[in-house]
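J.: Dropping the structure in here first, questions after.
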Amino acid sequence: MDRFIAELGLFAPAVVFNIYFALASIPLGFVLAVFLALGKASDNPLINRLSRGYIYAFRGSPLFIQFFMIYSLALSFNVAVWKPMGVSWWILHPLFIGPLVLVLNTAAYTAEIFYGALRAVPRGEVEAARAYGMSRSQQFRQVVWPNLIRLAWPAYTNEVVFLFHATAIVYLALPVIGQQKDLMITAKELFERDYNAFLHFSVAALYFLAVSLVVFFLFGLVYRRLMRHMPATPRMRYAPTWWR
Amino acid sequence: MSDDFAFWLSYLTNGKHLTWYASFQFTVFAAAFGGTLAVVFGLIGATLKNSRFLPLRIIGTIYSSIVRGVPDVLFFLFFPLAFEQGVEWIIASQVCSPEMIAAQSAAWPPCKDANWFLGTPEYLVLASVSLGLVYGAFATNVIHGALRSVPQGQLEAARAYGMSANQVLWRVHIRQMWVYALPGLSNVWMLIIKATSLLSLLQIADIVLWADRLGAPNFLPAVGLVHGDWRWRYYLVLFVFYILVTWISEKGFDAIMRRAGRGILSEAP
């Protein structure tokens with residue numbers, strides 16, 4: 001039991017890195033996803049094709065490969081571009097590349113969720129807004145967006161949990177610098193020291209579970225606020241529609 | 001021009017590249033075997049979850065929620081390691097004498113004779129089982145939901161024909177379940193395809209590992225620098241490869257769904 005508590009302490013600094021990766025990529029991914037979803041619903045053939053292609057490519061390929069690809073791409077520009085500009089120390093840093101790739105990835109998944117919600121926005125409400133003479137941006141802000149975010153929120157919650165799970169492979173693909181180790185690397189290193197797979201991996205799993213539950217709780221609060229006009233808030237379920 | 005062509009042809013067919021092409025078999029094997037196991041585990045899990053016996057129901061629910069609640073990579077790495085250790089522990093309890101255990105200086109295995117050496121084929125099978133276990137939990141959820149979507153009237157009709165409970169289950173319930181499960185199962189399949197990129201984490205020389213080796217700056221004393229850092233090109237090829245596989249499976253699943261949905265009036269979305 002003492003060993004278990006000591007183990008929890010060993011993993012505490014590691015979970016900070018996972019939380020950092022998730023927190024750093026969620027806001028930007030959210031914003032990018034809104035634009036991608038609007039792009040996928042756009043009538044402009046160029047914008048439409050580009051957003052469709054982007055979403056398909058990043059949802060259709062493994063995050064692991066995306067990490068390797070973007071990191072090696074950044075490395076290949078190192079001598080010619082980053083070094084002379086003197087930015088290579090942060091551009092090539094896992095704490096920058098990690099969130100960058102996660103943003104690109106989660107934007108695609110989130111955009112698909114938002115696109116689905118966008119198509120589910122009641123047509124009558126949009127028509128009513130147009131009948132009132134609202135401009136397009138007014139329609140979006142007053143009618144489409146509030147509907148969209150309410151429809152998409154449960155699926156988006158699942159996406160955020162899965163994004164947090166995806167942070168597990170950041171350091172499996174990128175170099176570990178010094179003591180900056182996330183949960184997976186800590187578990188692996190401890191395992192290589194005393195070969196106790198059950199203890200180390202289950203503590204790491206416990207941390208992932210705990211943070212996932214916190215995410216559910218927080219996003220549930222937001223959902224309750226979003227749905228405050230309803231007599232009873234529909235329950236949120238752990239049932240992702242799109243998985244990574 | 002023809003010189004260029006000859007160079008690229010010989011470059012792309014040199015021994016290392018041929019090994020790379022051959023390593024695609026690992027990915028294909030892991031996807032096929034892992035996918036089959038995922039459906040099997042999914043059926044078992046859904047049966048447990050539907051069981052009338054409470055402990056079995058709890059086991060099914062715990063399996064599907066715990067495995068889905070932790071990252072797939074974690075379980076993917078954990079299972080082969082834990083399985084290997086478990087086997088070594090059993091061997092150790094048979095072959096190790098106290099003197100041998102005392103002579104062993106490393107933390108694991110307990111004695112030298114208990115060491116179980118795993119090569120690529122063994123790791124590949126373990127990785128596939130691991131994939132099956134992880135995505136079986138997702139499939140459990142899908143199949144459980146699909147079993148409940150089969151219209152009650154169909155089952156009642158089957159019962160009215162005098163079918164036994166087993167006959168109803170196998171001839172009507174599970175047969176009709178596929179139509180409702182297919183969209184979810186196609187999702188699980190896409191996941192498994194993407195997860196096959198993780199094989200290199202278990203020391204399998206798969207396409208990702210070879211792409212890394214081939215793309216690394218290549219220097220030969222006889223000719224000088226053959227090429228610089230080309231890793232991103234190789235990863236780009238893999239990126240496109242996975243997108244293509246996803247695209248092909250999507251088309252395949254569309255065809256299967258159309259076929260499975262024949263004669264069913266209200267088709268599953």
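Just remember, in the structure tokens the first chain shown is A, the second B, etc., residues are 1-based per chain, and ligands are 1-based in the order shown.
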Given only C-alpha atoms, how would the per-residue table for chain A near chain B read, listing every residue at most 6 Å away with its closest atom pair and distance in Å to one decimal, sorted by chain and number, as a tab-separated table?
T.:
residue	atom	partner	partner_atom	distance
A:Gly60	CA	B:Ile243	CA	4.9
A:Ser61	CA	B:Tyr242	CA	5.2
A:Pro62	CA	B:Lys194	CA	4.6
A:Met69	CA	B:Tyr235	CA	5.1
A:Ser72	CA	B:Trp232	CA	5.1
A:Leu73	CA	B:Trp232	CA	5.2
A:His165	CA	B:Pro71	CA	4.7
A:Asp194	CA	B:Ala107	CA	5.9
A:Ala205	CA	B:Val70	CA	5.7
A:Phe208	CA	B:Val70	CA	6.0
A:Leu209	CA	B:Gly69	CA	5.9
J.: Could you please write out, as a PyMOL selection string, every residue of region 64-218 of chain B that DSSP assigns to alpha helix (DSSP H)?
T.: chain B and resi 64-69+72-95+98-103+120-149+152-160+165-167+174-195+207-215
J.: What lies within 6 Å of region 172-186 of chain A using only C-alpha atoms, ignoring chain neighbours under 4 positions off, as a ChimeraX atom specification?
T.: /A:14-15,17-18,168,204
J.: Please, could you write that set of residues out with N, CA, C and O atoms as a PDB file, in the first residue's frame?
T.:
ATOM      1  N   ALA A  14       4.380  13.653 -13.841  1.00  0.00           N
ATOM      2  CA  ALA A  14       4.242  13.206 -15.232  1.00  0.00           C
ATOM      3  C   ALA A  14       2.894  13.594 -15.819  1.00  0.00           C
ATOM      4  O   ALA A  14       2.801  13.960 -16.986  1.00  0.00           O
ATOM      5  N   VAL A  15       1.841  13.542 -14.969  1.00  0.00           N
ATOM      6  CA  VAL A  15       0.506  13.807 -15.510  1.00  0.00           C
ATOM      7  C   VAL A  15       0.397  15.262 -15.954  1.00  0.00           C
ATOM      8  O   VAL A  15      -0.383  15.598 -16.841  1.00  0.00           O
ATOM      9  N   PHE A  17       2.429  16.876 -17.742  1.00  0.00           N
ATOM     10  CA  PHE A  17       2.769  16.999 -19.160  1.00  0.00           C
ATOM     11  C   PHE A  17       1.585  16.597 -20.035  1.00  0.00           C
ATOM     12  O   PHE A  17       1.294  17.263 -21.031  1.00  0.00           O
ATOM     13  N   ASN A  18       0.891  15.513 -19.653  1.00  0.00           N
ATOM     14  CA  ASN A  18      -0.283  15.110 -20.426  1.00  0.00           C
ATOM     15  C   ASN A  18      -1.341  16.203 -20.397  1.00  0.00           C
ATOM     16  O   ASN A  18      -1.949  16.527 -21.421  1.00  0.00           O
ATOM     17  N   ALA A 168      -0.962  10.295 -24.778  1.00  0.00           N
ATOM     18  CA  ALA A 168      -0.095   9.201 -24.331  1.00  0.00           C
ATOM     19  C   ALA A 168       0.983   8.892 -25.357  1.00  0.00           C
ATOM     20  O   ALA A 168       2.044   8.378 -24.998  1.00  0.00           O
ATOM     21  N   ALA A 204      -0.576   4.377 -14.066  1.00  0.00           N
ATOM     22  CA  ALA A 204      -0.718   5.303 -15.204  1.00  0.00           C
ATOM     23  C   ALA A 204      -2.160   5.298 -15.702  1.00  0.00           C
ATOM     24  O   ALA A 204      -2.747   6.358 -15.972  1.00  0.00           O
TER      25      ALA A 204
END
J.: Quick check, in Å to one decimal: how far apart do CA of Tyr180 (chain B) and CA of Ala146 (chain B) lie?
T.: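 Interatomic distance, CA of Tyr180 (chain B) to CA of Ala146 (chain B): 5.0 Å.
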J.: Counting only C-alpha atoms, what is within 8 Å of His227 (chain B), bar same-chain residues fewer than 3 positions away, as a list in words?
T.: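 Once the adjacent positions are removed, what remains is Pro217, Asn218, Phe219 and Trp230 of chain B.
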J.: Can you measure CA of Gly98 (chain A) to CA of Pro27 (chain A) for me? One decimal in Å is fine.
T.: 14.5 Å
